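K.L.:
Provided herewith is a single structure, encoded as structure tokens, for subsequent inquiry.
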Amino acid sequence: MQGWKGRDVISIRDFSRDDIEYVLSTAERLEEELKEKGSLEYAKGKILATLFFEPSTRTRLSFESAMHRLGGSVIGFAEASTSSVKKGESLRDTIKTVEQYSDVIVIRHPKEGAARLAAEVAEIPVINAGDGSNQHPTQTLLDLYTIKREFGKIDGLKIGLLGDLKYGRTVHSLSEALSHYDVELYLISPDLLRMPRHIVEELKEKGVKVYETSDLESVIGELDVLYVTRIQKERFPDEQEYLKVKGSYVIDLEILKKVKETLKIMHPLPRVDEIHPSVDSTKYAIYFRQVFSGIPVRMALLALTLGVIE
Amino acid sequence: MSELKVSAIKEGTVIDHIPAGKGLKVIEILNLNTLNGGTVLLAMNVHSKKLGRKDIVKVEGKYLSEEEVNKIALIAPTATVNIIRDYRVAEKFNVEVPEKISGILRCANPNCISNHEYTVPKFYVISKEPLKVRCHYCERTMEEEEILANL
Ligand SMILES: Nc1ncnc2c1ncn2[C@@H]1O[C@H](COP(=O)(O)OP(=O)(O)OP(=O)(O)O)[C@@H](O)[C@H]1O
Ligand SMILES: [Mg+2]
Ligand SMILES: [Zn+2]
């Protein structure tokens, strides 16, 4: 395992299973400690810079909250229009400047590869909070953390990924990360939005059992975890087709009659109408606990890369 | 035996078996078209038993290293490299697709940061046959056709 101090968090591809496990166990440790003490002081005197070249309120707030919970402080901007980028400054120069003011950088940028470039330019650690349609590794880690917290393990689970598997960055990264584990993956999507072939092949090569189907009802009874994502209207040639497909993937109390007692339903949020609100209060729904997972996982990543814990 | 006595060189490198039409591109990729690049001879559409037609590039007074020449593997995977010493072929090797490609290929993804900011584009070869590379920045993969269009 690579040392953590000064390390960048850019792509889930850069993470071995040991790396992932280490982040998850550190997050667990910090969550317990936080519960006990109310607030922590590991990052006292440290400054996080959040550079959001593209707005994403949830992710930004989650990182900021995590840094505050660690006892550190935060500077940054929430959209490119308020920054010098508007005046045409290059990303390199922005990073070179901001690193003089801070100890760790969190970046969200509309261009793919921006976080990788930022990490090459910066001496201080850089954490990717989303680069275009490419990566969002902290989302993947918090997804894994949520599963691990719920089941005490990841190995041996049957996990269903539902919705737009073709364009969905979240499900691509999650399935890549899950390929380090001994899991069975059910890829459930309309034909038009199937998981890209190269990802399916990679999964199989790594020994993951993969089942692809467009029929949710036929497999939902098998699952331990159902990870739901949104299907966007823009992906369909016509409205009719979209409405038909969308209707068949709505999670409501009716379809939940067919599931295992222990099924857990996840969603990266925000949702539109793919999960009916009546599901929220059932024992199956863990998507709000999933949101909470963002805090300990981001605390762990900040503390580890800052080198304030080991 | 050397078919082109006209262009016999004493010391240098002969890149043989380049697919016809790619000779100029080879010269470009190897940066031989610069003033300090030394004398370069290009033979185009030479008859070849193996390839039908081929191009040949001869570089006088310069020994190209394997690493350097491997840059052309993307466009000329069939090429053989001959090191000439005292008019004779002293060494011969085939080009090989390298593990990493940097500087010569552009990313096909228009939204990739490497197409918007100053960077040296870098790619990892994930498969040699069929050829497939992954962009170091945006992580998108490119296959043969896209690669050739972006050299
Ligand atoms: N002194 C030289 N000056 C210029 N070109 C040369 C010289 N000697 C050989 N060559 C060229 O180098 C290439 C390789 O020469 P070689 O004599 O090995 O030919 P070959 O036996 O046909 O090799 P191959 O099996 O690779 O086709 C040929 O294109 C030949 O014309
Ligand atoms: Mg010959
Ligand atoms: Zn790219």
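Please note that chains go A, B, ... in the order of the structure tokens, that every chain numbers its residues from 1, and that ligands are numbered from 1 in the order shown.
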Which residues are near segment 177-179 of chain A? Cut-off 7 Å, only C-alpha atoms, ignore same chain within fewer than 4 positions. Put them as a list of chain:residue names.
P.N.:
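The filter keeps A:Ile12, A:Ser173, A:Leu203, A:Lys206, A:Val208.
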K.L.:
Report the closest atom pair, with its distance in Å rounded to one decimal, for each residue of chain B that has an atom no farther than 6 Å from chain A; count only C-alpha atoms, sort by chain and then rising residue number, and write it as JSON lines.
P.N.:
```
{"residue": "B:Asn111", "atom": "CA", "partner": "A:Lys111", "partner_atom": "CA", "distance": 5.5}
{"residue": "B:Cys112", "atom": "CA", "partner": "A:Glu112", "partner_atom": "CA", "distance": 4.9}
{"residue": "B:Ile113", "atom": "CA", "partner": "A:Gly113", "partner_atom": "CA", "distance": 5.4}
{"residue": "B:Tyr137", "atom": "CA", "partner": "A:Gly113", "partner_atom": "CA", "distance": 4.0}
{"residue": "B:Cys138", "atom": "CA", "partner": "A:Gly113", "partner_atom": "CA", "distance": 4.1}
```
K.L.:
Could you list, as a PyMOL selection string, every residue within 8 Å of Cys107 of chain B, counting only C-alpha atoms and ignoring same-chain residues fewer than 2 positions away?
P.N.:
chain B and resi 105+109-110+112+114-115+121+135+150
K.L.:
Report the distance between atom CA of Gln240 of chain A and atom CA of Leu269 of chain A in Å, rounded to one decimal place.
P.N.:
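Distance between the two atoms: 25.1 Å.
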K.L.:
Compile the contact shell of segment 227-233 of chain A as a PyMOL selection string: residues with an atom at most 9 Å away, counting only C-alpha atoms, same-chain residues fewer than 3 positions apart removed.
P.N.:
chain A and resi 159-165+168+170-171+193+236-239+242-243+245-246+249+251+264-275
K.L.:
Write a file of the selected residues as a tab-separated table (two decimals), in the first residue's frame, keeping N, CA and C atoms.
P.N.:
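File written: out.tsv
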```tsv
chain	number	residue	atom	x	y	z
A	159	ILE	N	-25.56	-7.70	-5.74
A	159	ILE	CA	-25.82	-6.26	-5.83
A	159	ILE	C	-26.42	-5.93	-7.19
A	160	GLY	N	-27.56	-5.26	-7.18
A	160	GLY	CA	-28.22	-4.85	-8.42
A	160	GLY	C	-27.96	-3.38	-8.69
A	161	LEU	N	-27.54	-3.06	-9.94
A	161	LEU	CA	-27.40	-1.66	-10.35
A	161	LEU	C	-28.51	-1.40	-11.34
A	162	LEU	N	-29.33	-0.39	-11.06
A	162	LEU	CA	-30.54	-0.17	-11.84
A	162	LEU	C	-30.57	1.21	-12.47
A	163	GLY	N	-30.99	1.28	-13.73
A	163	GLY	CA	-31.23	2.59	-14.35
A	163	GLY	C	-30.37	2.82	-15.57
A	164	ASP	N	-29.79	4.02	-15.62
A	164	ASP	CA	-28.96	4.39	-16.77
A	164	ASP	C	-27.54	3.88	-16.53
A	165	LEU	N	-27.26	2.68	-17.03
A	165	LEU	CA	-25.93	2.10	-16.80
A	165	LEU	C	-24.96	2.49	-17.91
A	168	GLY	N	-24.16	6.51	-16.80
A	168	GLY	CA	-24.04	6.82	-15.38
A	168	GLY	C	-22.63	6.63	-14.85
A	170	THR	N	-21.58	7.21	-11.87
A	170	THR	CA	-21.61	6.62	-10.53
A	170	THR	C	-21.58	5.09	-10.59
A	171	VAL	N	-22.40	4.52	-11.47
A	171	VAL	CA	-22.46	3.06	-11.53
A	171	VAL	C	-21.21	2.47	-12.21
A	193	LEU	N	-29.77	1.52	-22.63
A	193	LEU	CA	-28.87	2.10	-21.63
A	193	LEU	C	-28.07	1.03	-20.88
A	236	PHE	N	-33.48	9.38	-24.57
A	236	PHE	CA	-34.41	8.63	-25.42
A	236	PHE	C	-34.81	9.40	-26.67
A	237	PRO	N	-34.98	8.66	-27.78
A	237	PRO	CA	-35.36	9.30	-29.04
A	237	PRO	C	-36.75	9.95	-28.95
A	238	ASP	N	-37.69	9.31	-28.25
A	238	ASP	CA	-38.98	9.97	-28.14
A	238	ASP	C	-39.60	9.79	-26.75
A	239	GLU	N	-40.48	10.68	-26.41
A	239	GLU	CA	-41.12	10.76	-25.11
A	239	GLU	C	-41.85	9.47	-24.72
A	242	TYR	N	-39.56	6.81	-23.54
A	242	TYR	CA	-39.04	7.20	-22.23
A	242	TYR	C	-40.04	6.88	-21.12
A	243	LEU	N	-41.29	7.28	-21.33
A	243	LEU	CA	-42.31	7.08	-20.30
A	243	LEU	C	-42.53	5.60	-20.01
A	245	VAL	N	-40.38	3.09	-20.43
A	245	VAL	CA	-39.22	2.54	-19.72
A	245	VAL	C	-39.20	3.01	-18.27
A	246	LYS	N	-39.38	4.29	-18.08
A	246	LYS	CA	-39.32	4.89	-16.75
A	246	LYS	C	-40.30	4.19	-15.81
A	249	TYR	N	-39.35	0.93	-14.01
A	249	TYR	CA	-38.26	0.90	-13.04
A	249	TYR	C	-38.54	1.73	-11.79
A	251	ILE	N	-39.47	2.18	-8.07
A	251	ILE	CA	-39.50	1.37	-6.86
A	251	ILE	C	-40.63	1.89	-5.97
A	264	LYS	N	-31.45	-3.85	0.86
A	264	LYS	CA	-31.23	-2.44	1.13
A	264	LYS	C	-31.23	-1.68	-0.19
A	265	ILE	N	-31.95	-0.56	-0.20
A	265	ILE	CA	-32.03	0.24	-1.42
A	265	ILE	C	-31.18	1.49	-1.27
A	266	MET	N	-30.32	1.71	-2.28
A	266	MET	CA	-29.44	2.88	-2.27
A	266	MET	C	-29.74	3.77	-3.48
A	267	HIS	N	-29.31	5.02	-3.40
A	267	HIS	CA	-29.49	5.97	-4.50
A	267	HIS	C	-28.50	7.11	-4.28
A	268	PRO	N	-27.77	7.54	-5.32
A	268	PRO	CA	-26.78	8.59	-5.11
A	268	PRO	C	-27.42	9.96	-4.83
A	269	LEU	N	-28.71	10.11	-5.12
A	269	LEU	CA	-29.43	11.37	-4.95
A	269	LEU	C	-28.80	12.49	-5.79
A	270	PRO	N	-29.52	13.47	-6.24
A	270	PRO	CA	-30.96	13.65	-6.02
A	270	PRO	C	-31.80	12.68	-6.85
A	271	ARG	N	-32.95	12.30	-6.29
A	271	ARG	CA	-33.84	11.44	-7.05
A	271	ARG	C	-34.96	12.30	-7.64
A	272	VAL	N	-35.62	11.79	-8.65
A	272	VAL	CA	-36.79	12.49	-9.16
A	272	VAL	C	-38.01	11.65	-8.76
A	273	ASP	N	-38.38	10.66	-9.57
A	273	ASP	CA	-39.51	9.85	-9.14
A	273	ASP	C	-39.24	8.36	-9.29
A	274	GLU	N	-37.92	8.00	-9.34
A	274	GLU	CA	-37.60	6.58	-9.50
A	274	GLU	C	-37.79	5.77	-8.21
A	275	ILE	N	-37.83	6.46	-7.06
A	275	ILE	CA	-38.20	5.78	-5.81
A	275	ILE	C	-39.36	6.57	-5.20
```
K.L.:
Neighbours of Arg108 of chain A within 8 Å (only C-alpha atoms; same-chain residues fewer than 4 positions away dropped), as a PyMOL selection string?
P.N.:
chain A and resi 51-55+115+128-131
K.L.:
Identify, on the basis of only C-alpha atoms, every residue whose closest approach to segment 45-52 of chain B does not exceed 6 Å; exclude the query and any residue fewer than 2 positions from it along the same chain; express the result as a PyMOL selection string.
P.N.:
chain B and resi 20+54-55
K.L.:
With N, CA, C and O atoms retained, write the just-selected residues as a short mmCIF file (atom, residue, chain, number, x, y, z; two decimals), in the first residue's frame.
P.N.:
```
data_model
loop_
_atom_site.label_atom_id
_atom_site.label_comp_id
_atom_site.auth_asym_id
_atom_site.auth_seq_id
_atom_site.Cartn_x
_atom_site.Cartn_y
_atom_site.Cartn_z
N ALA B 20 2.77 1.68 -47.04
CA ALA B 20 2.82 2.73 -48.06
C ALA B 20 1.95 3.91 -47.66
O ALA B 20 0.82 3.73 -47.19
N LYS B 54 5.49 -0.42 -50.01
CA LYS B 54 5.95 0.07 -48.70
C LYS B 54 6.70 1.37 -48.86
O LYS B 54 7.09 1.74 -49.96
N ASP B 55 6.89 2.05 -47.74
CA ASP B 55 7.75 3.23 -47.72
C ASP B 55 9.01 2.87 -46.93
O ASP B 55 8.99 1.98 -46.08
#
```
K.L.:
Sort by chain and increasing residue number a table of all residues of chain B within 10 Å of ligand 1, each with its closest pair of atoms and their distance in Å to one decimal, counting only C-alpha atoms and all ligand atoms, and write it as JSON lines.
P.N.:
```
{"residue": "B:Met1", "atom": "CA", "partner": "ligand 1", "partner_atom_place_in_ligand_line": "17 (O)", "distance": 4.2}
{"residue": "B:Ser2", "atom": "CA", "partner": "ligand 1", "partner_atom_place_in_ligand_line": "31 (O)", "distance": 3.4}
{"residue": "B:Glu3", "atom": "CA", "partner": "ligand 1", "partner_atom_place_in_ligand_line": "31 (O)", "distance": 4.8}
{"residue": "B:Leu4", "atom": "CA", "partner": "ligand 1", "partner_atom_place_in_ligand_line": "31 (O)", "distance": 5.5}
{"residue": "B:Lys5", "atom": "CA", "partner": "ligand 1", "partner_atom_place_in_ligand_line": "4 (C)", "distance": 7.1}
{"residue": "B:Val6", "atom": "CA", "partner": "ligand 1", "partner_atom_place_in_ligand_line": "4 (C)", "distance": 8.3}
{"residue": "B:Ser7", "atom": "CA", "partner": "ligand 1", "partner_atom_place_in_ligand_line": "4 (C)", "distance": 5.5}
{"residue": "B:Ala8", "atom": "CA", "partner": "ligand 1", "partner_atom_place_in_ligand_line": "3 (N)", "distance": 3.2}
{"residue": "B:Ile9", "atom": "CA", "partner": "ligand 1", "partner_atom_place_in_ligand_line": "3 (N)", "distance": 3.8}
{"residue": "B:Lys10", "atom": "CA", "partner": "ligand 1", "partner_atom_place_in_ligand_line": "1 (N)", "distance": 5.5}
{"residue": "B:Glu11", "atom": "CA", "partner": "ligand 1", "partner_atom_place_in_ligand_line": "1 (N)", "distance": 7.4}
{"residue": "B:Gly12", "atom": "CA", "partner": "ligand 1", "partner_atom_place_in_ligand_line": "3 (N)", "distance": 7.9}
{"residue": "B:Thr13", "atom": "CA", "partner": "ligand 1", "partner_atom_place_in_ligand_line": "5 (N)", "distance": 8.0}
{"residue": "B:Val14", "atom": "CA", "partner": "ligand 1", "partner_atom_place_in_ligand_line": "12 (O)", "distance": 5.3}
{"residue": "B:Ile15", "atom": "CA", "partner": "ligand 1", "partner_atom_place_in_ligand_line": "12 (O)", "distance": 7.2}
{"residue": "B:Asp16", "atom": "CA", "partner": "ligand 1", "partner_atom_place_in_ligand_line": "29 (O)", "distance": 5.3}
{"residue": "B:His17", "atom": "CA", "partner": "ligand 1", "partner_atom_place_in_ligand_line": "27 (O)", "distance": 7.4}
{"residue": "B:Leu41", "atom": "CA", "partner": "ligand 1", "partner_atom_place_in_ligand_line": "4 (C)", "distance": 9.3}
{"residue": "B:Ala43", "atom": "CA", "partner": "ligand 1", "partner_atom_place_in_ligand_line": "29 (O)", "distance": 9.7}
{"residue": "B:Val46", "atom": "CA", "partner": "ligand 1", "partner_atom_place_in_ligand_line": "29 (O)", "distance": 9.6}
{"residue": "B:Ser48", "atom": "CA", "partner": "ligand 1", "partner_atom_place_in_ligand_line": "27 (O)", "distance": 8.7}
{"residue": "B:Lys49", "atom": "CA", "partner": "ligand 1", "partner_atom_place_in_ligand_line": "27 (O)", "distance": 8.9}
{"residue": "B:Lys50", "atom": "CA", "partner": "ligand 1", "partner_atom_place_in_ligand_line": "27 (O)", "distance": 8.4}
{"residue": "B:Asp55", "atom": "CA", "partner": "ligand 1", "partner_atom_place_in_ligand_line": "29 (O)", "distance": 9.4}
{"residue": "B:Ile56", "atom": "CA", "partner": "ligand 1", "partner_atom_place_in_ligand_line": "29 (O)", "distance": 6.7}
{"residue": "B:Val57", "atom": "CA", "partner": "ligand 1", "partner_atom_place_in_ligand_line": "29 (O)", "distance": 8.8}
{"residue": "B:Lys58", "atom": "CA", "partner": "ligand 1", "partner_atom_place_in_ligand_line": "4 (C)", "distance": 6.6}
{"residue": "B:Val59", "atom": "CA", "partner": "ligand 1", "partner_atom_place_in_ligand_line": "4 (C)", "distance": 8.8}
{"residue": "B:Glu60", "atom": "CA", "partner": "ligand 1", "partner_atom_place_in_ligand_line": "4 (C)", "distance": 8.7}
{"residue": "B:Ala79", "atom": "CA", "partner": "ligand 1", "partner_atom_place_in_ligand_line": "26 (O)", "distance": 8.8}
{"residue": "B:Thr80", "atom": "CA", "partner": "ligand 1", "partner_atom_place_in_ligand_line": "26 (O)", "distance": 6.1}
{"residue": "B:Val81", "atom": "CA", "partner": "ligand 1", "partner_atom_place_in_ligand_line": "14 (C)", "distance": 7.8}
{"residue": "B:Asn82", "atom": "CA", "partner": "ligand 1", "partner_atom_place_in_ligand_line": "12 (O)", "distance": 5.8}
{"residue": "B:Ile83", "atom": "CA", "partner": "ligand 1", "partner_atom_place_in_ligand_line": "12 (O)", "distance": 8.2}
{"residue": "B:Ile84", "atom": "CA", "partner": "ligand 1", "partner_atom_place_in_ligand_line": "1 (N)", "distance": 6.0}
{"residue": "B:Arg85", "atom": "CA", "partner": "ligand 1", "partner_atom_place_in_ligand_line": "1 (N)", "distance": 7.5}
{"residue": "B:Asp86", "atom": "CA", "partner": "ligand 1", "partner_atom_place_in_ligand_line": "1 (N)", "distance": 7.1}
{"residue": "B:Tyr87", "atom": "CA", "partner": "ligand 1", "partner_atom_place_in_ligand_line": "1 (N)", "distance": 3.5}
{"residue": "B:Arg88", "atom": "CA", "partner": "ligand 1", "partner_atom_place_in_ligand_line": "8 (N)", "distance": 5.2}
{"residue": "B:Val89", "atom": "CA", "partner": "ligand 1", "partner_atom_place_in_ligand_line": "8 (N)", "distance": 5.4}
{"residue": "B:Ala90", "atom": "CA", "partner": "ligand 1", "partner_atom_place_in_ligand_line": "18 (O)", "distance": 8.9}
{"residue": "B:Glu91", "atom": "CA", "partner": "ligand 1", "partner_atom_place_in_ligand_line": "18 (O)", "distance": 8.7}
{"residue": "B:Lys92", "atom": "CA", "partner": "ligand 1", "partner_atom_place_in_ligand_line": "26 (O)", "distance": 7.3}
{"residue": "B:Phe93", "atom": "CA", "partner": "ligand 1", "partner_atom_place_in_ligand_line": "26 (O)", "distance": 8.5}
{"residue": "B:Asn94", "atom": "CA", "partner": "ligand 1", "partner_atom_place_in_ligand_line": "26 (O)", "distance": 8.9}
```
K.L.:
Using Å and a single decimal, report how far atom CA of Arg58 of chain A sits from atom CA of Tyr42 of chain A.
P.N.:
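Between these atoms lies a distance of 23.4 Å.
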